[in-house]
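Quick look at run_6.txt (compact mmCIF, C-alpha atoms):
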```txt
# COMPACT_ATOMS: atom_id res chain seq x y z
CA MET A 744 49.09 -28.40 -26.76
CA SER A 745 49.08 -25.79 -29.50
CA ASP A 746 47.77 -22.37 -28.68
CA VAL A 747 45.29 -23.04 -31.45
CA SER A 748 43.58 -25.15 -28.83
CA ASP A 749 43.27 -22.30 -26.34
CA ALA A 750 40.22 -20.33 -25.42
CA ASP A 751 37.43 -21.60 -27.59
CA MET A 752 38.16 -25.31 -27.32
CA THR A 753 36.02 -27.23 -24.88
CA ALA A 754 37.61 -29.26 -22.12
CA GLU A 755 36.27 -32.38 -23.78
CA ASP A 756 37.91 -31.47 -27.10
CA ALA A 757 41.17 -30.61 -25.38
CA GLN A 758 41.14 -34.03 -23.74
CA LEU A 759 40.42 -35.70 -27.09
CA VAL A 760 43.40 -33.95 -28.68
CA ALA A 761 45.60 -34.88 -25.73
CA ASP A 762 44.47 -38.51 -25.94
CA LEU A 763 45.07 -38.53 -29.69
CA ALA A 764 48.56 -37.15 -29.20
CA ARG A 765 49.34 -39.98 -26.78
CA ALA A 766 47.77 -42.57 -29.07
CA LEU A 767 49.81 -41.42 -32.07
CA GLY A 768 52.88 -41.52 -29.90
CA PRO A 769 55.90 -39.29 -29.70
CA ASP A 770 57.63 -38.22 -32.90
CA PRO A 771 61.08 -37.17 -31.76
CA LEU A 772 63.51 -35.19 -33.81
CA PRO A 773 65.89 -37.54 -35.66
CA PRO A 774 69.20 -37.88 -33.83
CA GLY A 775 71.79 -35.50 -35.20
CA LEU A 776 69.33 -33.23 -36.98
CA LEU A 777 70.30 -30.23 -34.85
CA ASP A 778 74.00 -30.92 -35.40
CA ARG A 779 73.48 -31.12 -39.14
CA ALA A 780 71.42 -27.94 -39.13
CA GLU A 781 74.17 -26.18 -37.18
CA GLY A 782 76.65 -27.29 -39.82
CA LEU A 783 74.67 -25.47 -42.49
CA LEU A 784 76.07 -22.18 -41.20
CA ALA A 785 79.08 -22.92 -43.39
CA TRP A 786 76.88 -22.00 -46.36
CA MET A 787 76.26 -18.49 -45.13
CA GLY A 788 77.61 -15.92 -47.51
CA VAL A 789 78.65 -18.51 -50.07
CA ASP A 790 77.67 -17.28 -53.50
CA GLU A 791 75.29 -14.78 -51.97
CA GLU A 792 76.25 -12.13 -54.50
CA LEU A 793 75.04 -14.30 -57.36
CA ALA A 794 71.69 -13.90 -59.06
CA VAL A 795 69.20 -16.53 -58.02
CA LEU A 796 67.22 -18.50 -60.51
CA MET A 797 63.64 -18.21 -59.36
CA GLU A 798 61.26 -21.08 -59.76
CA GLU A 799 58.42 -20.70 -62.20
CA THR A 800 55.32 -22.85 -62.07
CA ALA A 801 55.67 -26.48 -63.02
CA VAL A 802 55.72 -27.17 -66.73
CA GLU A 803 53.12 -29.89 -66.51
CA PRO A 804 50.37 -30.16 -63.95
CA ALA A 805 50.60 -33.09 -61.59
CA GLY A 806 48.92 -36.24 -62.71
CA THR A 807 48.99 -35.71 -66.46
CA ARG A 808 51.86 -38.09 -66.95
CA GLY A 809 50.83 -40.77 -64.54
CA PRO A 810 52.16 -41.76 -61.17
CA GLY A 811 55.85 -41.65 -60.59
CA ALA A 812 56.56 -39.41 -63.57
CA ALA A 813 58.93 -36.54 -63.02
CA THR A 814 57.62 -33.03 -63.09
CA ALA A 815 59.81 -30.46 -64.80
CA THR A 816 60.27 -27.12 -63.14
CA THR A 817 61.44 -24.01 -64.93
CA TYR A 818 63.79 -21.55 -63.33
CA GLN A 819 64.66 -18.11 -64.62
CA VAL A 820 66.72 -15.18 -63.44
CA ALA A 821 64.81 -11.97 -63.08
CA ASP A 822 66.06 -10.48 -66.35
CA GLY A 823 65.33 -13.66 -68.27
CA SER A 824 68.91 -13.99 -69.44
CA VAL A 825 69.27 -17.48 -68.05
CA ALA A 826 66.52 -20.08 -67.98
CA LEU A 827 66.70 -23.66 -66.85
CA GLU A 828 64.33 -26.58 -66.88
CA LEU A 829 64.90 -29.14 -64.17
CA SER A 830 63.41 -32.55 -63.56
CA VAL A 831 64.07 -34.35 -60.30
CA GLU A 832 63.35 -38.03 -59.76
CA PRO A 833 64.73 -40.27 -57.06
CA GLY A 834 68.33 -40.95 -57.98
CA LEU A 835 68.27 -38.84 -61.15
CA LEU A 836 68.35 -35.13 -61.69
CA ARG A 837 68.06 -33.99 -65.28
CA GLY A 838 67.95 -30.55 -66.73
CA GLN A 839 68.25 -28.40 -69.76
CA VAL A 840 69.60 -24.90 -69.98
CA LEU A 841 67.12 -23.04 -72.16
CA SER A 842 68.99 -19.76 -72.49
CA GLY A 843 72.15 -18.11 -71.29
CA ALA A 844 75.74 -18.92 -72.16
CA VAL A 845 76.19 -21.65 -69.57
CA ASN A 846 79.16 -23.92 -70.05
CA ARG A 847 78.97 -26.06 -66.92
CA VAL A 848 76.46 -27.02 -64.26
CA VAL A 849 77.60 -27.82 -60.74
CA ILE A 850 75.38 -29.40 -58.14
CA GLU A 851 76.17 -28.48 -54.53
CA LEU A 852 74.99 -30.79 -51.77
CA SER A 853 74.29 -29.18 -48.43
CA GLY A 854 76.11 -31.94 -46.62
CA GLY A 855 79.21 -31.13 -48.60
CA GLY A 856 80.47 -32.17 -51.96
CA THR A 857 79.90 -30.96 -55.46
CA ARG A 858 79.65 -32.60 -58.85
CA ALA A 859 80.02 -30.96 -62.19
CA SER A 860 78.44 -31.75 -65.51
CA ALA A 861 79.10 -30.40 -68.95
CA LEU A 862 76.18 -29.67 -71.22
CA ASP A 863 75.44 -31.47 -74.47
CA GLU A 864 74.71 -29.62 -77.69
CA LEU A 865 71.10 -29.15 -76.57
CA GLY A 866 72.13 -27.75 -73.19
CA GLN A 867 71.12 -30.91 -71.40
CA PHE A 868 72.81 -32.37 -68.34
CA ALA A 869 72.18 -35.09 -65.80
CA PHE A 870 73.36 -36.23 -62.40
CA HIS A 871 72.92 -39.81 -61.29
CA GLY A 872 73.17 -41.43 -57.91
CA LEU A 873 73.44 -38.28 -55.81
CA SER A 874 73.43 -38.68 -52.07
CA ARG A 875 70.24 -37.41 -50.50
CA GLY A 876 69.68 -34.06 -48.92
CA PRO A 877 69.14 -30.47 -49.97
CA ALA A 878 70.95 -29.38 -53.11
CA ARG A 879 71.28 -26.45 -55.43
CA LEU A 880 72.68 -25.89 -58.88
CA ARG A 881 75.31 -23.40 -59.91
CA LEU A 882 75.36 -22.54 -63.59
CA GLU A 883 78.79 -21.38 -64.63
CA ARG A 884 79.17 -18.96 -67.49
CA GLY A 885 82.89 -18.64 -68.09
CA SER A 886 84.06 -15.15 -67.16
CA ALA A 887 80.52 -13.96 -66.42
CA LEU A 888 79.22 -14.49 -62.90
CA PRO A 889 77.49 -17.82 -62.28
CA VAL A 890 73.84 -17.99 -61.29
CA VAL A 891 72.43 -20.33 -58.66
CA THR A 892 69.08 -21.94 -57.95
CA ASP A 893 67.46 -21.90 -54.54
CA TRP A 894 68.22 -24.87 -52.33
CA PHE A 895 65.75 -27.66 -53.02
CA VAL A 896 64.90 -31.14 -51.76
CA GLN A 897 65.86 -33.81 -54.25
CA MET B 50 77.43 -18.58 -18.69
CA THR B 51 78.20 -19.68 -22.21
CA ALA B 52 77.52 -17.47 -25.17
CA SER B 53 74.62 -19.72 -26.10
CA GLY B 54 73.20 -19.49 -22.58
CA ARG B 55 73.02 -15.72 -22.75
CA LEU B 56 71.56 -15.86 -26.25
CA ASP B 57 68.77 -18.26 -25.28
CA THR B 58 66.58 -15.32 -24.34
CA ALA B 59 67.44 -13.21 -27.39
CA THR B 60 64.65 -12.58 -29.87
CA ASP B 61 64.77 -14.05 -33.35
CA ALA B 62 65.44 -10.56 -34.72
CA GLU B 63 68.44 -10.16 -32.41
CA LEU B 64 69.78 -13.58 -33.33
CA LEU B 65 69.44 -12.91 -37.05
CA ALA B 66 71.34 -9.65 -36.63
CA LEU B 67 74.16 -11.53 -34.92
CA LEU B 68 74.61 -13.88 -37.89
CA ARG B 69 76.80 -11.28 -39.57
CA GLY B 70 79.16 -10.88 -36.66
CA PRO B 71 81.57 -12.78 -34.45
CA GLU B 72 78.74 -14.47 -32.51
CA GLN B 73 77.22 -16.02 -35.59
CA SER B 74 77.87 -19.59 -34.49
CA PRO B 75 76.17 -19.52 -31.06
CA ALA B 76 73.37 -17.34 -32.47
CA TRP B 77 72.76 -19.89 -35.24
CA SER B 78 72.78 -22.74 -32.72
CA VAL B 79 70.07 -21.04 -30.67
CA LEU B 80 67.93 -20.37 -33.76
CA VAL B 81 68.25 -23.91 -34.98
CA ALA B 82 67.44 -25.43 -31.59
CA ARG B 83 64.55 -23.05 -31.07
CA HIS B 84 62.69 -23.70 -34.32
CA SER B 85 63.76 -27.11 -35.70
CA PRO B 86 61.49 -29.29 -33.53
CA ARG B 87 58.39 -27.38 -34.61
CA LEU B 88 59.52 -27.26 -38.22
CA TYR B 89 60.02 -31.00 -38.14
CA SER B 90 56.45 -31.41 -36.93
CA VAL B 91 55.25 -29.26 -39.80
CA ALA B 92 57.11 -31.46 -42.28
CA ARG B 93 55.81 -34.66 -40.70
CA SER B 94 52.25 -33.35 -40.80
CA PHE B 95 52.39 -34.00 -44.56
CA ALA B 96 52.73 -37.73 -43.73
CA ILE B 97 56.34 -37.62 -44.88
CA ASP B 98 59.04 -40.03 -43.74
CA ALA B 99 61.56 -38.90 -41.15
CA ALA B 100 64.54 -38.56 -43.51
CA THR B 101 62.65 -36.51 -46.07
CA ALA B 102 61.12 -34.41 -43.29
CA GLU B 103 64.64 -33.62 -42.15
CA ASP B 104 65.59 -32.65 -45.72
CA LEU B 105 62.70 -30.19 -45.68
CA VAL B 106 63.82 -28.70 -42.36
CA GLN B 107 67.41 -28.33 -43.58
CA THR B 108 66.18 -26.72 -46.80
CA ALA B 109 64.22 -24.13 -44.83
CA TRP B 110 67.37 -23.26 -42.87
CA LEU B 111 69.41 -22.99 -46.05
CA ARG B 112 66.83 -20.65 -47.55
CA LEU B 113 67.10 -18.49 -44.46
CA LEU B 114 70.87 -18.31 -44.82
CA GLU B 115 70.44 -17.24 -48.43
CA ARG B 116 68.27 -14.30 -47.56
CA ALA B 117 68.59 -13.50 -43.85
CA ASP B 118 69.10 -9.85 -44.79
CA GLN B 119 65.85 -9.75 -46.71
CA LEU B 120 63.53 -11.12 -44.05
CA ARG B 121 61.05 -8.33 -43.55
CA ASP B 122 59.61 -9.28 -40.20
CA ALA B 123 61.90 -11.35 -38.02
CA SER B 124 59.15 -11.77 -35.43
CA SER B 125 57.37 -14.04 -37.92
CA LEU B 126 60.38 -16.26 -38.53
CA GLY B 127 58.55 -19.39 -37.36
CA PRO B 128 55.64 -19.02 -39.82
CA TRP B 129 58.08 -17.93 -42.57
CA LEU B 130 60.09 -21.11 -42.14
CA SER B 131 56.87 -23.16 -41.90
CA THR B 132 55.70 -21.73 -45.23
CA ILE B 133 58.92 -22.88 -46.88
CA VAL B 134 58.47 -26.37 -45.45
CA ARG B 135 54.90 -26.38 -46.69
CA ASN B 136 55.76 -25.20 -50.21
CA GLU B 137 58.59 -27.68 -50.61
CA ALA B 138 56.57 -30.54 -49.12
CA ARG B 139 53.77 -29.92 -51.59
CA LYS B 140 56.25 -29.93 -54.47
CA LEU B 141 57.51 -33.30 -53.32
CA VAL B 142 53.98 -34.67 -53.27
CA THR B 143 53.35 -33.22 -56.75
CA ARG B 144 56.52 -34.89 -58.03
CA ARG B 145 55.30 -38.15 -56.50
CA ARG B 146 58.53 -38.00 -54.56
CA VAL B 147 56.52 -38.97 -51.48
CA VAL B 148 53.24 -40.80 -51.43
CA PRO B 149 51.20 -39.34 -48.58
CA THR B 150 50.13 -42.56 -46.97
CA ASP B 151 49.43 -42.20 -43.32
CA SER B 152 51.24 -44.94 -41.52
CA ILE B 153 49.64 -44.99 -38.12
CA PHE B 154 52.26 -47.53 -37.17
CA ASP B 155 55.06 -45.08 -37.84
CA HIS B 156 55.42 -44.24 -34.21
CA ARG B 157 53.17 -46.56 -32.30
CA PRO B 158 53.92 -46.57 -28.61
CA ASP B 159 55.82 -49.58 -27.39
CA PRO B 160 53.18 -52.12 -26.31
CA ALA B 161 55.49 -53.29 -23.55
CA GLU B 162 55.21 -49.91 -21.86
CA PRO B 163 52.66 -49.59 -19.10
CA SER B 164 49.80 -47.28 -20.01
CA ASP B 165 50.28 -43.71 -18.91
CA SER B 166 48.51 -43.45 -15.54
CA GLY B 167 45.50 -45.09 -17.18
CA LEU B 168 44.79 -41.85 -19.05
CA VAL B 169 44.84 -43.65 -22.36
CA THR B 170 44.34 -47.40 -22.24
CA ARG B 171 45.65 -49.57 -25.00
CA GLU B 172 42.12 -50.05 -26.32
CA ARG B 173 41.37 -46.36 -26.38
CA ALA B 174 44.67 -45.65 -28.11
CA ALA B 175 43.94 -48.26 -30.77
CA ALA B 176 40.43 -46.89 -31.28
CA LEU B 177 41.82 -43.39 -31.68
CA ARG B 178 44.41 -44.48 -34.20
CA THR B 179 41.82 -46.40 -36.21
CA ALA B 180 39.43 -43.45 -36.23
CA PHE B 181 42.28 -41.05 -37.10
CA ALA B 182 43.31 -43.18 -40.07
CA ARG B 183 39.83 -42.87 -41.51
CA LEU B 184 39.86 -39.09 -41.55
CA GLY B 185 40.53 -37.10 -44.70
CA ASP B 186 44.00 -35.77 -45.47
CA ASP B 187 43.31 -32.24 -44.31
CA CYS B 188 41.92 -33.30 -40.96
CA ARG B 189 44.76 -35.71 -40.35
CA GLN B 190 47.24 -32.93 -41.09
CA LEU B 191 45.51 -30.42 -38.86
CA LEU B 192 45.21 -32.83 -35.97
CA ARG B 193 48.86 -33.89 -36.32
CA LEU B 194 49.78 -30.21 -36.12
CA LEU B 195 47.63 -29.77 -33.02
CA CYS B 196 49.33 -32.75 -31.43
CA ALA B 197 52.82 -31.44 -32.13
CA ASP B 198 55.23 -31.36 -29.24
CA PRO B 199 56.57 -28.72 -28.73
CA PRO B 200 53.33 -26.96 -29.65
CA LEU B 201 53.02 -24.85 -32.77
CA SER B 202 51.73 -21.31 -32.74
CA TYR B 203 48.46 -20.41 -34.39
CA ASP B 204 50.38 -18.67 -37.17
CA GLU B 205 52.66 -21.65 -37.72
CA VAL B 206 49.69 -23.98 -38.07
CA ALA B 207 48.10 -21.55 -40.53
CA ALA B 208 51.34 -21.41 -42.53
CA ALA B 209 51.63 -25.19 -42.51
CA VAL B 210 48.13 -25.74 -43.92
CA GLY B 211 48.21 -22.68 -46.16
CA ARG B 212 44.96 -21.31 -44.80
CA PRO B 213 44.10 -18.09 -42.99
CA ARG B 214 44.19 -18.09 -39.18
CA GLY B 215 40.47 -17.42 -39.03
CA SER B 216 39.63 -20.69 -40.74
CA LEU B 217 41.49 -22.83 -38.22
CA GLY B 218 38.88 -22.77 -35.46
CA PRO B 219 36.00 -23.95 -37.68
CA THR B 220 38.22 -26.54 -39.37
CA ARG B 221 39.39 -27.84 -36.02
CA ARG B 222 35.73 -28.09 -34.94
CA ARG B 223 34.81 -30.03 -38.07
CA CYS B 224 37.77 -32.40 -37.76
CA LEU B 225 37.23 -33.13 -34.08
CA ASP B 226 33.54 -33.78 -34.77
CA GLN B 227 34.50 -36.21 -37.50
CA LEU B 228 37.03 -37.93 -35.26
CA HIS B 229 34.47 -38.20 -32.51
CA ALA B 230 31.89 -39.66 -34.92
CA LEU B 231 34.36 -42.35 -35.97
CA LEU B 232 35.05 -43.49 -32.44
CA PRO B 233 33.13 -46.49 -31.10
CA ALA B 234 30.04 -45.92 -28.99
CA GLY B 235 30.79 -45.43 -25.34
CA PHE B 236 34.32 -44.26 -26.03
CA SER B 237 34.19 -41.21 -23.76
```
Could I get this file's structure written as structure tokens?
Amino acid sequence: MSDVSDADMTAEDAQLVADLARALGPDPLPPGLLDRAEGLLAWMGVDEELAVLMEETAVEPAGTRGPGAATATTYQVADGSVALELSVEPGLLRGQVLSGAVNRVVIELSGGGTRASALDELGQFAFHGLSRGPARLRLERGSALPVVTDWFVQ
Amino acid sequence: MTASGRLDTATDAELLALLRGPEQSPAWSVLVARHSPRLYSVARSFAIDAATAEDLVQTAWLRLLERADQLRDASSLGPWLSTIVRNEARKLVTRRRVVPTDSIFDHRPDPAEPSDSGLVTRERAAALRTAFARLGDDCRQLLRLLCADPPLSYDEVAAAVGRPRGSLGPTRRRCLDQLHALLPAGFS
């Protein structure tokens, strides 16, 4: 068991934890997880020179818009030149570029594949029906270097 | 001996340093194999489904690739990765992306299997699962983490629950007392 259970845990408690572990049953790693994690190495060094949009606190606290509502997250680069608001719901990722001369948003999926979206006159964009898995956005700015978000879970 | 075989005994710091060189692939394989099972347990401790738990694990690895050079203390890689899983899991819960219901039937042992040397009879197992389901969220998470196989380190558990190491002992005491109180009389 965990080394949290060492030393100051009684034998009776240790037995209870062991019994509980057996009762809950094994929870094996999904097949192929290690292979897929190994494949992520391909992302090393990709776009690493780009500025990263850091996540700010959520725009609205959880619960104020009822269950199932999306929560928008704001991202900014350190110098504030590019800011993005992003809302992620199952099957739909919507965002709005708040500042910065962004002309295209590309979503990169960790399993491979990208999709691009232009922005409307308000800087809004959306991606529908994305396959699951970690993703990140790359905001392209013409001849200026793009900026990227951290990888996130959709 | 394969490159991976020799690297099995390398420290996390040594493996991270190798990511920039010609041995990056076997070094990455060792890192991934070494930490993924525990990270998966951390993700599942949030009562998250298997596929989403995997997404969280993969995201933690991707974050490491983004900033492997910036990791200040490679000896704390496990807790660092666990913190990422925790932060992202909590965001998913906030977004209502996952509803933290605790399905005790998620991985119920096969009833056709003989009981394990009589150590846990079917009745005892059922009583434990019923009592466990009645615990609060924080106790269920902590106990899941304590049950993780392979076991988590003290620091990884602390990172997973977002609490200081020193609070774990008293919390464990409280949760085990509550579990015990929920078990039927004469259980022990």
### Query
Using all atoms listed in the file, which of the listed residues (A:Leu865, A:Leu827, A:Ala780, A:Ala754) sits closest to chain B?
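For chain B, the nearest of the given residues is A:Ala780.
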### Message
What does the structure give for the distance between atom CA of Ala766 of chain A and atom CA of Ala180 of chain B, in Å to one decimal?
### Response
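For atom CA of Ala766 of chain A relative to atom CA of Ala180 of chain B, the distance reads 11.0 Å.
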### Message
For segment 830-843 of chain A, find every residue with an atom within 9 Å (counting only C-alpha atoms), except residues of its own chain fewer than 3 positions away, and show them as a ChimeraX atom specification.
### Response
/A:811-817,823-827,862,865-875,882,884,897 /B:144-146
### Task
Pick out the closest residue to His84 of chain B from this set: B:Leu201, B:Arg121, B:Asn136, B:Leu114. Count all atoms listed in the file.
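For His84 of chain B, the nearest of the candidates is B:Leu201.
Between atom CA of Leu88 of chain B and atom CA of Phe181 of chain B the interatomic distance comes to 22.1 Å.
Minimum distance to chain B across A:Glu864, A:Glu799, A:Glu883, A:Asp770 (counting all atoms listed in the file) occurs at A:Asp770.
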Write out as a PDB file with C-alpha atoms, in the coordinates of the input the residues lying within 9 Å of Ala92 of chain B, counting all atoms listed in the file and excluding same-chain residues fewer than 5 positions away.
```pdb
ATOM      1  CA  ARG B  87      58.390 -27.380 -34.610  1.00  0.00           C
ATOM      2  CA  ILE B  97      56.340 -37.620 -44.880  1.00  0.00           C
ATOM      3  CA  ASP B  98      59.040 -40.030 -43.740  1.00  0.00           C
ATOM      4  CA  ALA B  99      61.560 -38.900 -41.150  1.00  0.00           C
ATOM      5  CA  THR B 101      62.650 -36.510 -46.070  1.00  0.00           C
ATOM      6  CA  ALA B 102      61.120 -34.410 -43.290  1.00  0.00           C
ATOM      7  CA  GLU B 103      64.640 -33.620 -42.150  1.00  0.00           C
ATOM      8  CA  LEU B 105      62.700 -30.190 -45.680  1.00  0.00           C
ATOM      9  CA  VAL B 106      63.820 -28.700 -42.360  1.00  0.00           C
ATOM     10  CA  SER B 131      56.870 -23.160 -41.900  1.00  0.00           C
ATOM     11  CA  VAL B 134      58.470 -26.370 -45.450  1.00  0.00           C
ATOM     12  CA  ARG B 135      54.900 -26.380 -46.690  1.00  0.00           C
ATOM     13  CA  ALA B 138      56.570 -30.540 -49.120  1.00  0.00           C
ATOM     14  CA  ALA B 209      51.630 -25.190 -42.510  1.00  0.00           C
TER      15      ALA B 209
END
```
### Query
Of the candidates A:Thr753, A:Asp893, A:Val760, A:Val848, which one gets nearest to Cys224 of chain B if we count only C-alpha atoms?
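Counting only C-alpha atoms, the residue closest to Cys224 of chain B is A:Val760.
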### Query
Between B:Asp104, B:Leu194, B:Asp57, B:Ala208, which one has atoms that come closest to Leu852 of chain A, using all atoms listed in the file?
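Of B:Asp104, B:Leu194, B:Asp57, B:Ala208, the one nearest Leu852 of chain A, counting all atoms listed in the file, is B:Asp104.
Across the structure, atom CA of Val206 of chain B and atom CA of Val91 of chain B are spaced 7.9 Å apart.
Remark: for chain A, the closest of the candidate residues B:Gly211, B:Pro233, B:Gly127, B:Pro200 is B:Pro200 (distances computed over only C-alpha atoms).
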Neighbour list for Glu115 of chain B as a PDB file with C-alpha atoms, in the coordinates of the input, cut-off 9 Å, all atoms listed in the file, skip fewer than 5 positions in-chain:
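selection_14.pdb, freshly written:
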```
ATOM      1  CA  TRP A 786      76.880 -22.000 -46.360  1.00  0.00           C
ATOM      2  CA  MET A 787      76.260 -18.490 -45.130  1.00  0.00           C
ATOM      3  CA  GLY A 788      77.610 -15.920 -47.510  1.00  0.00           C
ATOM      4  CA  VAL A 789      78.650 -18.510 -50.070  1.00  0.00           C
ATOM      5  CA  ASP A 790      77.670 -17.280 -53.500  1.00  0.00           C
ATOM      6  CA  GLU A 791      75.290 -14.780 -51.970  1.00  0.00           C
ATOM      7  CA  ASP A 893      67.460 -21.900 -54.540  1.00  0.00           C
ATOM      8  CA  TRP A 894      68.220 -24.870 -52.330  1.00  0.00           C
TER       9      TRP A 894
ATOM     10  CA  TRP B 110      67.370 -23.260 -42.870  1.00  0.00           C
TER      11      TRP B 110
END
```
With N, CA, C and O atoms as the goal, would you fill in the gaps in segment 108-126 of chain B and present it as a PDB file, keeping the file's coordinate frame?
```
ATOM      1  N   THR B 108      66.377 -27.630 -45.677  1.00  0.00           N
ATOM      2  CA  THR B 108      66.180 -26.720 -46.800  1.00  0.00           C
ATOM      3  C   THR B 108      65.651 -25.369 -46.322  1.00  0.00           C
ATOM      4  O   THR B 108      66.060 -24.314 -46.820  1.00  0.00           O
ATOM      5  N   ALA B 109      64.736 -25.395 -45.364  1.00  0.00           N
ATOM      6  CA  ALA B 109      64.220 -24.130 -44.830  1.00  0.00           C
ATOM      7  C   ALA B 109      65.344 -23.322 -44.200  1.00  0.00           C
ATOM      8  O   ALA B 109      65.428 -22.101 -44.379  1.00  0.00           O
ATOM      9  N   TRP B 110      66.227 -23.978 -43.479  1.00  0.00           N
ATOM     10  CA  TRP B 110      67.370 -23.260 -42.870  1.00  0.00           C
ATOM     11  C   TRP B 110      68.299 -22.698 -43.937  1.00  0.00           C
ATOM     12  O   TRP B 110      68.799 -21.577 -43.816  1.00  0.00           O
ATOM     13  N   LEU B 111      68.536 -23.477 -44.983  1.00  0.00           N
ATOM     14  CA  LEU B 111      69.410 -22.990 -46.050  1.00  0.00           C
ATOM     15  C   LEU B 111      68.792 -21.779 -46.745  1.00  0.00           C
ATOM     16  O   LEU B 111      69.494 -20.827 -47.104  1.00  0.00           O
ATOM     17  N   ARG B 112      67.497 -21.805 -46.932  1.00  0.00           N
ATOM     18  CA  ARG B 112      66.830 -20.650 -47.550  1.00  0.00           C
ATOM     19  C   ARG B 112      66.973 -19.415 -46.662  1.00  0.00           C
ATOM     20  O   ARG B 112      67.119 -18.305 -47.153  1.00  0.00           O
ATOM     21  N   LEU B 113      66.920 -19.621 -45.369  1.00  0.00           N
ATOM     22  CA  LEU B 113      67.100 -18.490 -44.460  1.00  0.00           C
ATOM     23  C   LEU B 113      68.509 -17.919 -44.598  1.00  0.00           C
ATOM     24  O   LEU B 113      68.706 -16.714 -44.660  1.00  0.00           O
ATOM     25  N   LEU B 114      69.498 -18.789 -44.678  1.00  0.00           N
ATOM     26  CA  LEU B 114      70.870 -18.310 -44.820  1.00  0.00           C
ATOM     27  C   LEU B 114      71.056 -17.533 -46.113  1.00  0.00           C
ATOM     28  O   LEU B 114      71.830 -16.580 -46.180  1.00  0.00           O
ATOM     29  N   GLU B 115      70.347 -17.933 -47.133  1.00  0.00           N
ATOM     30  CA  GLU B 115      70.440 -17.240 -48.430  1.00  0.00           C
ATOM     31  C   GLU B 115      69.946 -15.822 -48.342  1.00  0.00           C
ATOM     32  O   GLU B 115      70.415 -14.945 -49.065  1.00  0.00           O
ATOM     33  N   ARG B 116      68.954 -15.585 -47.519  1.00  0.00           N
ATOM     34  CA  ARG B 116      68.270 -14.300 -47.560  1.00  0.00           C
ATOM     35  C   ARG B 116      67.959 -13.745 -46.178  1.00  0.00           C
ATOM     36  O   ARG B 116      66.956 -13.069 -45.995  1.00  0.00           O
ATOM     37  N   ALA B 117      68.823 -14.009 -45.208  1.00  0.00           N
ATOM     38  CA  ALA B 117      68.590 -13.500 -43.850  1.00  0.00           C
ATOM     39  C   ALA B 117      68.444 -11.986 -43.858  1.00  0.00           C
ATOM     40  O   ALA B 117      67.671 -11.429 -43.083  1.00  0.00           O
ATOM     41  N   ASP B 118      69.164 -11.308 -44.731  1.00  0.00           N
ATOM     42  CA  ASP B 118      69.100  -9.850 -44.790  1.00  0.00           C
ATOM     43  C   ASP B 118      67.752  -9.353 -45.293  1.00  0.00           C
ATOM     44  O   ASP B 118      67.377  -8.216 -45.030  1.00  0.00           O
ATOM     45  N   GLN B 119      67.072 -10.210 -46.054  1.00  0.00           N
ATOM     46  CA  GLN B 119      65.850  -9.750 -46.710  1.00  0.00           C
ATOM     47  C   GLN B 119      64.595 -10.060 -45.924  1.00  0.00           C
ATOM     48  O   GLN B 119      63.500  -9.665 -46.319  1.00  0.00           O
ATOM     49  N   LEU B 120      64.718 -10.761 -44.833  1.00  0.00           N
ATOM     50  CA  LEU B 120      63.530 -11.120 -44.050  1.00  0.00           C
ATOM     51  C   LEU B 120      62.896  -9.851 -43.499  1.00  0.00           C
ATOM     52  O   LEU B 120      63.512  -9.112 -42.742  1.00  0.00           O
ATOM     53  N   ARG B 121      61.678  -9.600 -43.898  1.00  0.00           N
ATOM     54  CA  ARG B 121      61.050  -8.330 -43.550  1.00  0.00           C
ATOM     55  C   ARG B 121      60.675  -8.244 -42.083  1.00  0.00           C
ATOM     56  O   ARG B 121      60.836  -7.230 -41.453  1.00  0.00           O
ATOM     57  N   ASP B 122      60.133  -9.321 -41.559  1.00  0.00           N
ATOM     58  CA  ASP B 122      59.610  -9.280 -40.200  1.00  0.00           C
ATOM     59  C   ASP B 122      60.149 -10.477 -39.427  1.00  0.00           C
ATOM     60  O   ASP B 122      59.590 -11.566 -39.491  1.00  0.00           O
ATOM     61  N   ALA B 123      61.238 -10.260 -38.711  1.00  0.00           N
ATOM     62  CA  ALA B 123      61.900 -11.350 -38.020  1.00  0.00           C
ATOM     63  C   ALA B 123      61.014 -11.960 -36.931  1.00  0.00           C
ATOM     64  O   ALA B 123      61.234 -13.089 -36.521  1.00  0.00           O
ATOM     65  N   SER B 124      60.014 -11.220 -36.473  1.00  0.00           N
ATOM     66  CA  SER B 124      59.150 -11.770 -35.430  1.00  0.00           C
ATOM     67  C   SER B 124      58.259 -12.876 -35.993  1.00  0.00           C
ATOM     68  O   SER B 124      57.647 -13.629 -35.244  1.00  0.00           O
ATOM     69  N   SER B 125      58.162 -12.979 -37.316  1.00  0.00           N
ATOM     70  CA  SER B 125      57.370 -14.040 -37.920  1.00  0.00           C
ATOM     71  C   SER B 125      58.263 -15.107 -38.542  1.00  0.00           C
ATOM     72  O   SER B 125      57.877 -15.763 -39.501  1.00  0.00           O
ATOM     73  N   LEU B 126      59.439 -15.289 -37.979  1.00  0.00           N
ATOM     74  CA  LEU B 126      60.380 -16.260 -38.530  1.00  0.00           C
ATOM     75  C   LEU B 126      59.798 -17.669 -38.535  1.00  0.00           C
ATOM     76  O   LEU B 126      59.924 -18.401 -39.513  1.00  0.00           O
TER      77      LEU B 126
END
```
